[in-house]
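Visitor: Here you go, one structure.
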Amino acid sequence: MAEFVYDCPHCGTRKAGFTRIGSDHGHAQGPKTTWNFMFVCRVCWKGILVRFSKVAELPAGVPRGVTFDFGGPMDVRGDPRAEGYSLEEVYPSPIAPSAPDHVPEHLADNYVEALNVLQGGHWTGAGVMFRRVLEIATKDLAPGTERDNLRKRISDLVANGTMDPGMGELADCIRDEGNFAAHDVDDFDQESAEQLHEFTSLFLTYTYTLPQRIKDANAKRKKP
C-alpha cells in the first residue's frame, strides 16, 4: 500500500507518516497521468488530499482525456516519489509558522524558532524556547529593571501597571513551565509543550496584538 511522508498541516508534525485510505483512477492529460489520493496522518488521524503524476505512454487503445484504471502509484509499496511519481499538490498545504500580529521582529523570530522546535517533536527544547520568548518580551517591556531575574521583572511590570495581574499570572506560568522543561526534562512531554505554546501565544496576543489593533481602530474612528 502506498504511504507518504510529509509535514502535517493539521498537527504540525514534521515528516509525519501518512497512510493511504483511498484513491481514484488515473486521469490522462496528454502524456501525463495524474492520480488523487486521500492520506491520513498517523499522528493526528486527519486527512489530506495528494495529487501525484507521471509521464508515461498510455495503454494501447485508450483515448487521451478519459478516466481509466492505469495501476499507478496506488500499487506502490511505500512513498510513490521513490518510484518516479511526481508530487503535484497537497491540500491543505502546511502553514508556515508565524507569530501573532504586531509582535516585534526580533521577538517574532524567537517565537517562530520555538514553533519549529515544537513541530519537530522536541518537547523539552520547545519549552525552553518559549520561556526565552518571555525573557525577551519582559526585557523589552521593562528596560532598566532587574534584568537577571525574570520573576522580579514580571512582578515589577504588574506593580507599575504595564502588565495586568491576569497577564502576570500567565507570565509566571510560562516561566515556571519553562524552568520545568529545563530542569525536569524526563517529565516534560508533548502536552506540556503544546500548553506552553498556547500560553505564550496568548501572552504575545494580549501584550502586542490587541493593543495595536485597538490603537488602529481608534485612529480610524477619529478620521474626519
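Naming works like this for the C-alpha cells: A, B, ... for the chains as they're shown, residue 1 at the start of each chain, ligands 1 onward in shown order.
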Looking only at strand (DSSP E or B) from DSSP on the backbone, list the matching residues of region 65-139 of chain A as an MDAnalysis selection string.
Guide: chainID A and resid 67:68 78 86:91
Visitor: Any chance you could export the current selection's C-alpha atoms as an mmCIF file, in the first residue's frame?
Guide:
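Final output, saved to part-v1.cif:
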```cif
data_model
loop_
_atom_site.group_PDB
_atom_site.id
_atom_site.type_symbol
_atom_site.label_atom_id
_atom_site.label_comp_id
_atom_site.auth_asym_id
_atom_site.auth_seq_id
_atom_site.Cartn_x
_atom_site.Cartn_y
_atom_site.Cartn_z
ATOM 1 C CA THR A 67 -10.510 8.140 -16.897
ATOM 2 C CA PHE A 68 -9.124 4.633 -16.774
ATOM 3 C CA GLY A 78 5.954 2.968 0.332
ATOM 4 C CA SER A 86 5.961 13.466 -9.045
ATOM 5 C CA LEU A 87 4.188 15.284 -6.229
ATOM 6 C CA GLU A 88 1.822 17.774 -7.886
ATOM 7 C CA GLU A 89 -0.176 19.221 -4.997
ATOM 8 C CA VAL A 90 -1.127 18.700 -1.359
ATOM 9 C CA TYR A 91 -4.328 20.073 0.155
#
```
Visitor: So that I can see what lies close to region 179-188 of chain A, please list as a list of chain:residue names the residues with an atom at most 9 Å from it, counting only C-alpha atoms and leaving out residues fewer than 5 positions away in the same chain.
Guide: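 In the requested format, the answer is A:Trp123, A:Thr124, A:Gly125, A:Ala126, A:Gly127, A:Val128, A:Arg131, A:Ile174, A:Ala193.
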Visitor: What is the CA of Arg42 (chain A)-CA of Ala96 (chain A) distance in Å, reported with one decimal?
Guide: 20.7 Å
Visitor: Skipping near chain neighbours, those fewer than 2 positions away, what residues fall within 8 Å of Gly120 (chain A) using only C-alpha atoms, listed as a list of chain:residue names?
Guide: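 Non-adjacent residues within range: A:Thr13, A:Arg14, A:Asn116, A:Val117, A:Leu118, A:His122.
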Visitor: Mind dumping the selected residues with N, CA, C and O atoms as a PDB file, in the first residue's frame?
Guide:
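Output saved as part_21.pdb:
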```pdb
ATOM      1  N   THR A  13       3.212  18.114  12.817  1.00  0.00           N
ATOM      2  CA  THR A  13       4.309  17.164  12.974  1.00  0.00           C
ATOM      3  C   THR A  13       5.179  17.143  11.725  1.00  0.00           C
ATOM      4  O   THR A  13       4.671  16.993  10.601  1.00  0.00           O
ATOM      5  N   ARG A  14       6.485  17.288  11.906  1.00  0.00           N
ATOM      6  CA  ARG A  14       7.414  17.261  10.791  1.00  0.00           C
ATOM      7  C   ARG A  14       7.635  15.822  10.332  1.00  0.00           C
ATOM      8  O   ARG A  14       7.787  14.918  11.151  1.00  0.00           O
ATOM      9  N   ASN A 116       9.078  25.951  15.440  1.00  0.00           N
ATOM     10  CA  ASN A 116       9.773  24.956  14.619  1.00  0.00           C
ATOM     11  C   ASN A 116      10.307  23.806  15.473  1.00  0.00           C
ATOM     12  O   ASN A 116      10.242  22.637  15.071  1.00  0.00           O
ATOM     13  N   VAL A 117      10.830  24.144  16.647  1.00  0.00           N
ATOM     14  CA  VAL A 117      11.312  23.104  17.554  1.00  0.00           C
ATOM     15  C   VAL A 117      10.146  22.235  18.021  1.00  0.00           C
ATOM     16  O   VAL A 117      10.246  21.008  18.080  1.00  0.00           O
ATOM     17  N   LEU A 118       9.014  22.877  18.335  1.00  0.00           N
ATOM     18  CA  LEU A 118       7.824  22.134  18.764  1.00  0.00           C
ATOM     19  C   LEU A 118       7.334  21.195  17.671  1.00  0.00           C
ATOM     20  O   LEU A 118       7.047  20.017  17.920  1.00  0.00           O
ATOM     21  N   HIS A 122      10.463  18.123  19.504  1.00  0.00           N
ATOM     22  CA  HIS A 122      11.453  18.276  20.571  1.00  0.00           C
ATOM     23  C   HIS A 122      10.808  19.055  21.714  1.00  0.00           C
ATOM     24  O   HIS A 122      10.922  20.285  21.794  1.00  0.00           O
TER      25      HIS A 122
END
```
Visitor: Between CA of Val55 (chain A) and CA of His27 (chain A), what is the spacing in Å?
Guide: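 Distance between the two atoms: 11.4 Å.
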Visitor: Could you find all residues in region 49-201 of chain A that DSSP calls alpha helix (DSSP H) from the backbone, and write them as a ChimeraX atom specification?
Guide: /A:105-119,123-141,150-159,165-183,190-201
Visitor: Might you pull out every residue within 9 Å of Tyr208 (chain A), with only C-alpha atoms counted and same-chain residues fewer than 2 positions away left off, and present them as a PDB file with all heavy atoms, in the first residue's frame?
Guide:
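Contents of out.pdb, as written:
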```
ATOM      1  N   PRO A 100       1.967  36.006  16.318  1.00  0.00           N
ATOM      2  CA  PRO A 100       0.791  36.874  16.283  1.00  0.00           C
ATOM      3  C   PRO A 100       1.135  38.236  15.686  1.00  0.00           C
ATOM      4  O   PRO A 100       2.293  38.673  15.707  1.00  0.00           O
ATOM      5  CB  PRO A 100       0.388  36.988  17.765  1.00  0.00           C
ATOM      6  CG  PRO A 100       0.913  35.735  18.391  1.00  0.00           C
ATOM      7  CD  PRO A 100       2.204  35.449  17.675  1.00  0.00           C
ATOM      8  N   ASP A 101       0.147  38.922  15.156  1.00  0.00           N
ATOM      9  CA  ASP A 101       0.363  40.218  14.520  1.00  0.00           C
ATOM     10  C   ASP A 101       0.971  41.225  15.489  1.00  0.00           C
ATOM     11  O   ASP A 101       0.680  41.211  16.696  1.00  0.00           O
ATOM     12  CB  ASP A 101      -0.972  40.782  14.003  1.00  0.00           C
ATOM     13  CG  ASP A 101      -1.526  39.975  12.847  1.00  0.00           C
ATOM     14  OD1 ASP A 101      -0.756  39.239  12.211  1.00  0.00           O
ATOM     15  OD2 ASP A 101      -2.742  40.090  12.584  1.00  0.00           O
ATOM     16  N   HIS A 102       1.811  42.092  14.914  1.00  0.00           N
ATOM     17  CA  HIS A 102       2.375  43.249  15.604  1.00  0.00           C
ATOM     18  C   HIS A 102       3.415  42.903  16.670  1.00  0.00           C
ATOM     19  O   HIS A 102       3.814  43.778  17.447  1.00  0.00           O
ATOM     20  CB  HIS A 102       1.270  44.117  16.233  1.00  0.00           C
ATOM     21  CG  HIS A 102       0.195  44.505  15.270  1.00  0.00           C
ATOM     22  ND1 HIS A 102       0.465  45.241  14.125  1.00  0.00           N
ATOM     23  CD2 HIS A 102      -1.137  44.239  15.258  1.00  0.00           C
ATOM     24  CE1 HIS A 102      -0.672  45.426  13.461  1.00  0.00           C
ATOM     25  NE2 HIS A 102      -1.641  44.823  14.121  1.00  0.00           N
ATOM     26  N   VAL A 103       3.845  41.644  16.718  1.00  0.00           N
ATOM     27  CA  VAL A 103       4.934  41.290  17.620  1.00  0.00           C
ATOM     28  C   VAL A 103       6.245  41.792  17.014  1.00  0.00           C
ATOM     29  O   VAL A 103       6.484  41.612  15.815  1.00  0.00           O
ATOM     30  CB  VAL A 103       4.999  39.763  17.827  1.00  0.00           C
ATOM     31  CG1 VAL A 103       6.227  39.359  18.626  1.00  0.00           C
ATOM     32  CG2 VAL A 103       3.734  39.279  18.531  1.00  0.00           C
ATOM     33  N   PRO A 104       7.104  42.459  17.775  1.00  0.00           N
ATOM     34  CA  PRO A 104       8.374  42.965  17.230  1.00  0.00           C
ATOM     35  C   PRO A 104       9.173  41.854  16.540  1.00  0.00           C
ATOM     36  O   PRO A 104       9.146  40.702  16.982  1.00  0.00           O
ATOM     37  CB  PRO A 104       9.102  43.490  18.468  1.00  0.00           C
ATOM     38  CG  PRO A 104       8.008  43.838  19.421  1.00  0.00           C
ATOM     39  CD  PRO A 104       6.929  42.824  19.196  1.00  0.00           C
ATOM     40  N   PHE A 203      -0.001  35.299  25.589  1.00  0.00           N
ATOM     41  CA  PHE A 203       0.765  36.405  26.154  1.00  0.00           C
ATOM     42  C   PHE A 203       1.137  37.416  25.074  1.00  0.00           C
ATOM     43  O   PHE A 203       0.971  38.637  25.260  1.00  0.00           O
ATOM     44  CB  PHE A 203       2.022  35.876  26.840  1.00  0.00           C
ATOM     45  CG  PHE A 203       2.919  36.956  27.369  1.00  0.00           C
ATOM     46  CD1 PHE A 203       2.669  37.545  28.598  1.00  0.00           C
ATOM     47  CD2 PHE A 203       4.009  37.393  26.634  1.00  0.00           C
ATOM     48  CE1 PHE A 203       3.480  38.551  29.088  1.00  0.00           C
ATOM     49  CE2 PHE A 203       4.830  38.399  27.117  1.00  0.00           C
ATOM     50  CZ  PHE A 203       4.567  38.986  28.340  1.00  0.00           C
ATOM     51  N   LEU A 204       1.620  36.943  23.945  1.00  0.00           N
ATOM     52  CA  LEU A 204       2.011  37.845  22.857  1.00  0.00           C
ATOM     53  C   LEU A 204       0.800  38.561  22.270  1.00  0.00           C
ATOM     54  O   LEU A 204       0.873  39.749  21.928  1.00  0.00           O
ATOM     55  CB  LEU A 204       2.742  37.063  21.765  1.00  0.00           C
ATOM     56  CG  LEU A 204       4.089  36.444  22.155  1.00  0.00           C
ATOM     57  CD1 LEU A 204       4.661  35.657  20.976  1.00  0.00           C
ATOM     58  CD2 LEU A 204       5.078  37.502  22.615  1.00  0.00           C
ATOM     59  N   THR A 205      -0.300  37.847  22.158  1.00  0.00           N
ATOM     60  CA  THR A 205      -1.503  38.440  21.580  1.00  0.00           C
ATOM     61  C   THR A 205      -2.023  39.581  22.454  1.00  0.00           C
ATOM     62  O   THR A 205      -2.347  40.669  21.956  1.00  0.00           O
ATOM     63  CB  THR A 205      -2.602  37.378  21.411  1.00  0.00           C
ATOM     64  OG1 THR A 205      -2.145  36.372  20.506  1.00  0.00           O
ATOM     65  CG2 THR A 205      -3.882  37.995  20.862  1.00  0.00           C
ATOM     66  N   TYR A 206      -2.090  39.358  23.766  1.00  0.00           N
ATOM     67  CA  TYR A 206      -2.609  40.383  24.664  1.00  0.00           C
ATOM     68  C   TYR A 206      -1.613  41.513  24.881  1.00  0.00           C
ATOM     69  O   TYR A 206      -2.016  42.653  25.151  1.00  0.00           O
ATOM     70  CB  TYR A 206      -2.985  39.755  26.010  1.00  0.00           C
ATOM     71  CG  TYR A 206      -4.352  39.123  25.998  1.00  0.00           C
ATOM     72  CD1 TYR A 206      -4.519  37.792  25.619  1.00  0.00           C
ATOM     73  CD2 TYR A 206      -5.496  39.846  26.345  1.00  0.00           C
ATOM     74  CE1 TYR A 206      -5.778  37.203  25.582  1.00  0.00           C
ATOM     75  CE2 TYR A 206      -6.756  39.273  26.315  1.00  0.00           C
ATOM     76  CZ  TYR A 206      -6.893  37.943  25.935  1.00  0.00           C
ATOM     77  OH  TYR A 206      -8.130  37.360  25.900  1.00  0.00           O
ATOM     78  N   LEU A 210      -3.448  42.890  20.462  1.00  0.00           N
ATOM     79  CA  LEU A 210      -4.679  43.601  20.794  1.00  0.00           C
ATOM     80  C   LEU A 210      -4.470  45.097  21.027  1.00  0.00           C
ATOM     81  O   LEU A 210      -5.255  45.911  20.522  1.00  0.00           O
ATOM     82  CB  LEU A 210      -5.341  42.945  22.000  1.00  0.00           C
ATOM     83  CG  LEU A 210      -5.890  41.532  21.760  1.00  0.00           C
ATOM     84  CD1 LEU A 210      -6.556  40.999  23.017  1.00  0.00           C
ATOM     85  CD2 LEU A 210      -6.873  41.513  20.599  1.00  0.00           C
ATOM     86  N   PRO A 211      -3.436  45.521  21.775  1.00  0.00           N
ATOM     87  CA  PRO A 211      -3.244  46.968  21.935  1.00  0.00           C
ATOM     88  C   PRO A 211      -3.059  47.702  20.608  1.00  0.00           C
ATOM     89  O   PRO A 211      -3.600  48.803  20.429  1.00  0.00           O
ATOM     90  CB  PRO A 211      -1.977  47.055  22.803  1.00  0.00           C
ATOM     91  CG  PRO A 211      -1.978  45.778  23.577  1.00  0.00           C
ATOM     92  CD  PRO A 211      -2.494  44.751  22.621  1.00  0.00           C
ATOM     93  N   GLN A 212      -2.315  47.111  19.675  1.00  0.00           N
ATOM     94  CA  GLN A 212      -2.101  47.774  18.390  1.00  0.00           C
ATOM     95  C   GLN A 212      -3.397  47.810  17.577  1.00  0.00           C
ATOM     96  O   GLN A 212      -3.684  48.793  16.893  1.00  0.00           O
ATOM     97  CB  GLN A 212      -1.010  47.049  17.602  1.00  0.00           C
ATOM     98  CG  GLN A 212      -0.622  47.761  16.307  1.00  0.00           C
ATOM     99  CD  GLN A 212      -0.077  49.155  16.532  1.00  0.00           C
ATOM    100  OE1 GLN A 212       0.773  49.363  17.394  1.00  0.00           O
ATOM    101  NE2 GLN A 212      -0.582  50.126  15.774  1.00  0.00           N
ATOM    102  N   ARG A 213      -4.189  46.754  17.650  1.00  0.00           N
ATOM    103  CA  ARG A 213      -5.470  46.747  16.936  1.00  0.00           C
ATOM    104  C   ARG A 213      -6.415  47.807  17.486  1.00  0.00           C
ATOM    105  O   ARG A 213      -7.135  48.479  16.738  1.00  0.00           O
ATOM    106  CB  ARG A 213      -6.105  45.365  17.015  1.00  0.00           C
ATOM    107  CG  ARG A 213      -5.419  44.327  16.143  1.00  0.00           C
ATOM    108  CD  ARG A 213      -6.117  42.978  16.231  1.00  0.00           C
ATOM    109  NE  ARG A 213      -5.482  42.007  15.353  1.00  0.00           N
ATOM    110  CZ  ARG A 213      -5.827  40.726  15.276  1.00  0.00           C
ATOM    111  NH1 ARG A 213      -6.832  40.273  16.036  1.00  0.00           N
ATOM    112  NH2 ARG A 213      -5.201  39.905  14.470  1.00  0.00           N
TER     113      ARG A 213
END
```
Visitor: List the spatial neighbours of Asp7 (chain A) as a ChimeraX atom specification - criterion: any atom at most 10 Å away, only C-alpha atoms, same-chain residues fewer than 4 positions off excluded.
Guide: /A:11-18,41,93-95,119-120
Visitor: Give me, please, the distance in Å between CA of Ala171 (chain A) and CA of Pro9 (chain A), quoted to one decimal.
Guide: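 Computing the Euclidean distance for CA of Ala171 (chain A) and CA of Pro9 (chain A) yields 28.7 Å.
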Visitor: Return the single residue from A:Asp172, A:Glu105, A:Glu113, A:Glu191 that is closest to Thr138 (chain A), with distances computed using only C-alpha atoms.
Guide: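 Comparing A:Asp172, A:Glu105, A:Glu113, A:Glu191 against Thr138 (chain A), the winner is A:Asp172.
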